[in-house]
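Asker: Structure provided below as structure tokens; questions to follow.
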Amino acid sequence: MGVLFLASFSQVMAYIGYIALAILILLVMITVHEFGHYIAGKIFKFGIDEFAIGFGPKLFSRKKKNGELFSLRAFPIGGFCAFRGEDEDSADPTAFNNKKWWQRIIVLVSGAFMNYLLALFVIMLMFGVYGQTTLVAYKMQPTNTIESQYQFQEKDIILTANGKNVYMLTDLMSAVEDKKEGDLIDFEVRRKGKDVKVKIQLRQSTDFENIEDIKGLYSALGFYYEVDENGVLQNGGLYSTSIRFGFFQTLGRSFEYSLMLAGTVFKVLGQLLTGALGISSLGGTVTTISVTANAIKIGGFRQILNMTSFIGVNLAVFNLLPIPALDGSRVVFTAIEGIRKKPLNRRVEGLIHTIGLFALLLFAIFVDLQQCF
């Protein structure tokens, strides 16, 4: 009993460590985001009242001679850079709303820009140290109707499909989607240490009904797979591997991968709007931390880098959406002011952002709770 208790205790402590790392990743990205606002504000001489890491009661604070307050707060989920006169009229020439409209827009988008830059750097580091993850063929379905030069060979590493780089299974699906049986698709594979261009003949049409139609993909490309009694895929003829590229290829692929992550966010949003995805597929802060902790548990330091890049790109894209309380919404209001040559009612705008903030918090709590039940 004592041995079992110790084993369980050590597992709990290990998982707490993973959660702490996940929280740290999120906190770093939020801090970098706010630091982007801060640096841009300093460049344009905006008045800054406080730069805070975390929310809630102050644990530590220090005020500079120019009046800027730096604080560390109790709850390590969040942070803010408070500009003087951000949601009100002020006579102070350094107040946020007294600055030129284009300067304000630069300050507003600088947080997301810093998130993206850090995510891009992390992706470059991950690809440079560990290599890029891609797919390898290891089991093929036999056929007598397709010539051998139009089929994958065992241990082919798939680099590109239909002219697009392949990073994961969804990239492969997107590259061959909506093709007809018998079509020849251009691939580049690493075969026996050499990168070669090949044409693969589809064994069936690829009008996938959804992104989870992996069996349809396998059948079309000739990969072997097994299913259980319920028809659920259990084993397939593809597995992941990591390969390294040259310096400039690594830079290019890192940039492309970051854009692909950003595109995934927009794709998910589109699927939510059309009903292709339900609210149950979303999660808030708690879910993000839980998923990140589990990924770190399974994948170690590589997953720390991967999740950091994923969270960074997500924060960058999400914060630029025109949703009240987010930077994107403030950019819209500021741009309208620049076009009209006069601001909208400051109180009304402030109220809209306040209501939006509470709505976002409630929504995040709701999607986290629905993940638990």
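For the structure tokens, the naming scheme is as follows: chains receive sequential letters (A, B, ...) according to their order of presentation, residues are indexed from 1 within each chain, and ligands are indexed from 1 in presentation order.
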Give me the residues near Gly252 in chain A as a PyMOL selection string, where near means some atom within 12 Å (using only C-alpha atoms) and where sequence neighbours in that chain fewer than 6 positions away do not count.

Answerer: chain A and resi 120+123-124+127-128+132+165+245-246+258-259

Asker: With N, CA, C and O atoms retained, could you export that selection as a PDB file, in the first residue's frame?

Answerer:
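Generated output (part.pdb):
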ATOM      1  N   LEU A 120       7.667  32.276 -34.245  1.00  0.00           N
ATOM      2  CA  LEU A 120       8.483  31.957 -35.416  1.00  0.00           C
ATOM      3  C   LEU A 120       9.890  31.546 -34.996  1.00  0.00           C
ATOM      4  O   LEU A 120      10.455  30.572 -35.523  1.00  0.00           O
ATOM      5  N   ILE A 123       9.771  28.038 -33.599  1.00  0.00           N
ATOM      6  CA  ILE A 123       9.629  27.047 -34.669  1.00  0.00           C
ATOM      7  C   ILE A 123      10.978  26.804 -35.343  1.00  0.00           C
ATOM      8  O   ILE A 123      11.367  25.662 -35.614  1.00  0.00           O
ATOM      9  N   MET A 124      11.715  27.881 -35.621  1.00  0.00           N
ATOM     10  CA  MET A 124      13.050  27.738 -36.214  1.00  0.00           C
ATOM     11  C   MET A 124      13.964  26.922 -35.309  1.00  0.00           C
ATOM     12  O   MET A 124      14.715  26.059 -35.781  1.00  0.00           O
ATOM     13  N   PHE A 127      12.749  23.219 -35.457  1.00  0.00           N
ATOM     14  CA  PHE A 127      13.125  22.565 -36.705  1.00  0.00           C
ATOM     15  C   PHE A 127      14.638  22.396 -36.801  1.00  0.00           C
ATOM     16  O   PHE A 127      15.130  21.411 -37.364  1.00  0.00           O
ATOM     17  N   GLY A 128      15.385  23.360 -36.264  1.00  0.00           N
ATOM     18  CA  GLY A 128      16.834  23.272 -36.334  1.00  0.00           C
ATOM     19  C   GLY A 128      17.395  22.188 -35.433  1.00  0.00           C
ATOM     20  O   GLY A 128      18.329  21.475 -35.808  1.00  0.00           O
ATOM     21  N   GLN A 132      12.119  18.715 -38.881  1.00  0.00           N
ATOM     22  CA  GLN A 132      10.695  18.907 -39.162  1.00  0.00           C
ATOM     23  C   GLN A 132       9.994  17.560 -39.187  1.00  0.00           C
ATOM     24  O   GLN A 132      10.485  16.585 -39.761  1.00  0.00           O
ATOM     25  N   ASN A 165       4.268  21.760 -49.145  1.00  0.00           N
ATOM     26  CA  ASN A 165       5.028  21.047 -48.121  1.00  0.00           C
ATOM     27  C   ASN A 165       4.089  20.282 -47.192  1.00  0.00           C
ATOM     28  O   ASN A 165       3.003  20.761 -46.874  1.00  0.00           O
ATOM     29  N   PHE A 245      16.597  19.798 -42.709  1.00  0.00           N
ATOM     30  CA  PHE A 245      16.853  20.445 -43.991  1.00  0.00           C
ATOM     31  C   PHE A 245      18.013  21.419 -43.822  1.00  0.00           C
ATOM     32  O   PHE A 245      18.478  21.676 -42.709  1.00  0.00           O
ATOM     33  N   GLY A 246      18.457  21.979 -44.923  1.00  0.00           N
ATOM     34  CA  GLY A 246      19.496  23.001 -44.876  1.00  0.00           C
ATOM     35  C   GLY A 246      19.005  24.266 -44.188  1.00  0.00           C
ATOM     36  O   GLY A 246      17.804  24.428 -43.934  1.00  0.00           O
ATOM     37  N   SER A 258       4.489  28.523 -39.597  1.00  0.00           N
ATOM     38  CA  SER A 258       3.824  29.514 -38.756  1.00  0.00           C
ATOM     39  C   SER A 258       2.561  30.040 -39.424  1.00  0.00           C
ATOM     40  O   SER A 258       1.532  30.240 -38.764  1.00  0.00           O
ATOM     41  N   LEU A 259       2.634  30.274 -40.730  1.00  0.00           N
ATOM     42  CA  LEU A 259       1.445  30.728 -41.463  1.00  0.00           C
ATOM     43  C   LEU A 259       0.376  29.642 -41.500  1.00  0.00           C
ATOM     44  O   LEU A 259      -0.825  29.934 -41.454  1.00  0.00           O
TER      45      LEU A 259
END

Asker: With a distance cut-off of 6 Å and only C-alpha atoms, select the neighbouring residues of Phe70 in chain A, excluding the residue or stretch itself and same-chain residues fewer than 5 positions from it, and output the selection as an MDAnalysis selection string.

Answerer: chainID A and resid 50:52 61:62

Asker: Next, the residues of the selection above should be written as a PDB file, in the first residue's frame with N, CA and C atoms.

Answerer:
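For reference, result26.pdb as written:
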ATOM      1  N   GLU A  50       1.112  51.511 -15.985  1.00  0.00           N
ATOM      2  CA  GLU A  50       1.539  50.269 -15.321  1.00  0.00           C
ATOM      3  C   GLU A  50       1.777  49.163 -16.337  1.00  0.00           C
ATOM      4  N   PHE A  51       2.816  48.380 -16.071  1.00  0.00           N
ATOM      5  CA  PHE A  51       3.065  47.136 -16.810  1.00  0.00           C
ATOM      6  C   PHE A  51       2.982  46.012 -15.780  1.00  0.00           C
ATOM      7  N   ALA A  52       1.994  45.134 -15.956  1.00  0.00           N
ATOM      8  CA  ALA A  52       1.732  44.103 -14.947  1.00  0.00           C
ATOM      9  C   ALA A  52       1.849  42.712 -15.542  1.00  0.00           C
ATOM     10  N   SER A  61       5.837  45.276  -6.543  1.00  0.00           N
ATOM     11  CA  SER A  61       5.702  46.403  -7.472  1.00  0.00           C
ATOM     12  C   SER A  61       6.861  47.371  -7.287  1.00  0.00           C
ATOM     13  N   ARG A  62       7.182  48.068  -8.339  1.00  0.00           N
ATOM     14  CA  ARG A  62       8.252  49.058  -8.304  1.00  0.00           C
ATOM     15  C   ARG A  62       7.901  50.179  -9.267  1.00  0.00           C
TER      16      ARG A  62
END

Asker: In Å to one decimal, how far is CA of Gly47 in chain A from CA of Asn66 in chain A?

Answerer: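 So the answer is 9.4 Å.
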
Asker: Please determine, counting only C-alpha atoms, which residue among A:Phe248, A:Phe60, A:Phe80, A:Phe208 has the shortest atom-to-atom distance to Asp178 in chain A.

Answerer: A:Phe208

Asker: Compile the contact shell of Asp327 in chain A as a PyMOL selection string: residues with an atom at most 12 Å away, counting only C-alpha atoms, same-chain residues fewer than 2 positions apart removed.

Answerer: chain A and resi 33-34+37+80+104-113+315-325+329-334+353+356-357

Asker: Could you save those same residues with C-alpha atoms as an mmCIF file, in the first residue's frame?

Answerer:
data_model
loop_
_atom_site.group_PDB
_atom_site.id
_atom_site.type_symbol
_atom_site.label_atom_id
_atom_site.label_comp_id
_atom_site.auth_asym_id
_atom_site.auth_seq_id
_atom_site.Cartn_x
_atom_site.Cartn_y
_atom_site.Cartn_z
ATOM 1 C CA HIS A 33 2.423 40.257 -25.946
ATOM 2 C CA GLU A 34 2.151 43.081 -23.410
ATOM 3 C CA HIS A 37 2.615 47.082 -26.596
ATOM 4 C CA PHE A 80 -1.632 44.130 -19.034
ATOM 5 C CA ARG A 104 -2.099 53.937 -31.784
ATOM 6 C CA ILE A 105 -2.709 51.229 -34.370
ATOM 7 C CA ILE A 106 0.993 50.330 -34.386
ATOM 8 C CA VAL A 107 0.948 50.098 -30.582
ATOM 9 C CA LEU A 108 -2.202 47.954 -30.667
ATOM 10 C CA VAL A 109 -0.872 45.437 -33.191
ATOM 11 C CA SER A 110 2.616 45.276 -31.663
ATOM 12 C CA GLY A 111 1.515 42.766 -29.019
ATOM 13 C CA ALA A 112 0.346 40.248 -31.610
ATOM 14 C CA PHE A 113 3.429 40.963 -33.721
ATOM 15 C CA LEU A 315 -2.637 34.549 -29.379
ATOM 16 C CA ALA A 316 -1.408 36.682 -32.273
ATOM 17 C CA VAL A 317 -4.325 35.794 -34.529
ATOM 18 C CA PHE A 318 -7.011 35.768 -31.857
ATOM 19 C CA ASN A 319 -6.055 39.166 -30.433
ATOM 20 C CA LEU A 320 -6.355 40.787 -33.860
ATOM 21 C CA LEU A 321 -9.930 39.600 -34.358
ATOM 22 C CA PRO A 322 -12.469 42.472 -34.312
ATOM 23 C CA ILE A 323 -14.064 41.281 -31.081
ATOM 24 C CA PRO A 324 -14.814 43.901 -28.378
ATOM 25 C CA ALA A 325 -12.060 44.127 -25.723
ATOM 26 C CA SER A 329 -11.586 45.723 -32.055
ATOM 27 C CA ARG A 330 -9.582 48.699 -30.782
ATOM 28 C CA VAL A 331 -7.786 48.844 -34.143
ATOM 29 C CA VAL A 332 -11.182 49.043 -35.886
ATOM 30 C CA PHE A 333 -12.351 51.892 -33.650
ATOM 31 C CA THR A 334 -9.059 53.732 -34.144
ATOM 32 C CA HIS A 353 -14.870 46.926 -24.564
ATOM 33 C CA GLY A 356 -16.810 42.419 -24.459
ATOM 34 C CA LEU A 357 -14.234 41.562 -21.802
#

Asker: DSSP on the backbone: which residues in range 62-309 of chain A end up as alpha helix (DSSP H)? Give the answer as a PyMOL selection string.

Answerer: chain A and resi 101-130+169-176+214-221+247-274+285-309

Asker: Would you mind reading off the distance between CA of Tyr257 in chain A and CA of Ile157 in chain A, one decimal, in Å?

Answerer: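 Going from CA of Tyr257 in chain A over to CA of Ile157 in chain A covers 18.0 Å.
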
Asker: Neighbouring residues of Asp186 in chain A were defined as those with any atom within 12 Å, considering only C-alpha atoms; residues of the same chain fewer than 5 positions away were excluded. Please report them as a PDB file with C-alpha atoms, in the first residue's frame.

Answerer:
ATOM      1  CA  TYR A 150       3.020   5.381 -59.777  1.00  0.00           C
ATOM      2  CA  GLN A 151       2.986   3.957 -56.240  1.00  0.00           C
ATOM      3  CA  PHE A 152       4.762   4.843 -53.021  1.00  0.00           C
ATOM      4  CA  ILE A 158       6.806  12.481 -47.988  1.00  0.00           C
ATOM      5  CA  LEU A 159       8.188  16.018 -48.401  1.00  0.00           C
ATOM      6  CA  THR A 160       5.636  17.697 -50.662  1.00  0.00           C
ATOM      7  CA  ALA A 161       2.247  16.815 -52.114  1.00  0.00           C
ATOM      8  CA  ASN A 162       0.792  18.609 -55.137  1.00  0.00           C
ATOM      9  CA  GLY A 163       3.433  21.314 -54.734  1.00  0.00           C
ATOM     10  CA  LYS A 164       2.751  21.922 -51.015  1.00  0.00           C
ATOM     11  CA  ASN A 165       5.028  21.047 -48.121  1.00  0.00           C
ATOM     12  CA  LEU A 172      -1.655  15.573 -47.105  1.00  0.00           C
ATOM     13  CA  ALA A 175      -3.185  18.565 -51.075  1.00  0.00           C
ATOM     14  CA  VAL A 176      -5.073  15.660 -52.681  1.00  0.00           C
ATOM     15  CA  VAL A 196      13.090  12.559 -55.860  1.00  0.00           C
ATOM     16  CA  LYS A 197       9.931  13.692 -57.646  1.00  0.00           C
ATOM     17  CA  VAL A 198       7.296  11.013 -58.240  1.00  0.00           C
ATOM     18  CA  LYS A 199       3.750  10.775 -59.518  1.00  0.00           C
ATOM     19  CA  ILE A 200       1.228   8.758 -57.504  1.00  0.00           C
ATOM     20  CA  GLN A 201      -1.965   7.457 -59.070  1.00  0.00           C
ATOM     21  CA  LEU A 202      -5.080   7.737 -56.891  1.00  0.00           C
TER      22      LEU A 202
END

Asker: Give the answer as one residue: which of A:Val136, A:Met168, A:Arg347, A:Asp156 has the shortest atom-to-atom distance to Lys192 in chain A, using only C-alpha atoms?

Answerer: A:Asp156

Asker: Figure out the distance between CA of Gly78 in chain A and CA of Gly350 in chain A, please, to one decimal in Å.

Answerer: 20.0 Å

Asker: Report as a tab-separated table: every residue of range 125-162 of chain A with an atom at most 10 Å from range 223-231 of chain A, its closest pair of atoms, and their distance in Å to one decimal, counting only C-alpha atoms, with rows sorted by chain and ascending residue number.

Answerer:
residue	atom	partner	partner_atom	distance
A:Ala137	CA	A:Phe223	CA	7.4
A:Tyr138	CA	A:Phe223	CA	8.2
A:Lys139	CA	A:Tyr224	CA	5.4
A:Met140	CA	A:Phe223	CA	4.5
A:Gln141	CA	A:Tyr224	CA	4.9
A:Pro142	CA	A:Tyr224	CA	8.6
A:Gln151	CA	A:Phe223	CA	9.9
A:Phe152	CA	A:Phe223	CA	8.6

Asker: Enumerate the residues of range 105-342 of chain A with a DSSP assignment of strand (DSSP E or B), computed from the backbone, and present them as number ranges by chain.

Answerer: A: 132-137, 140, 157-161, 164-165, 184-191, 194-201, 223, 225-227, 233-236, 238-243

Asker: Using only C-alpha atoms, which of A:Ala40, A:Met29, A:Ile289, A:Ala22 sits nearest Ile53 in chain A?

Answerer: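 Of A:Ala40, A:Met29, A:Ile289, A:Ala22, the one nearest Ile53 in chain A is A:Met29, counting only C-alpha atoms.
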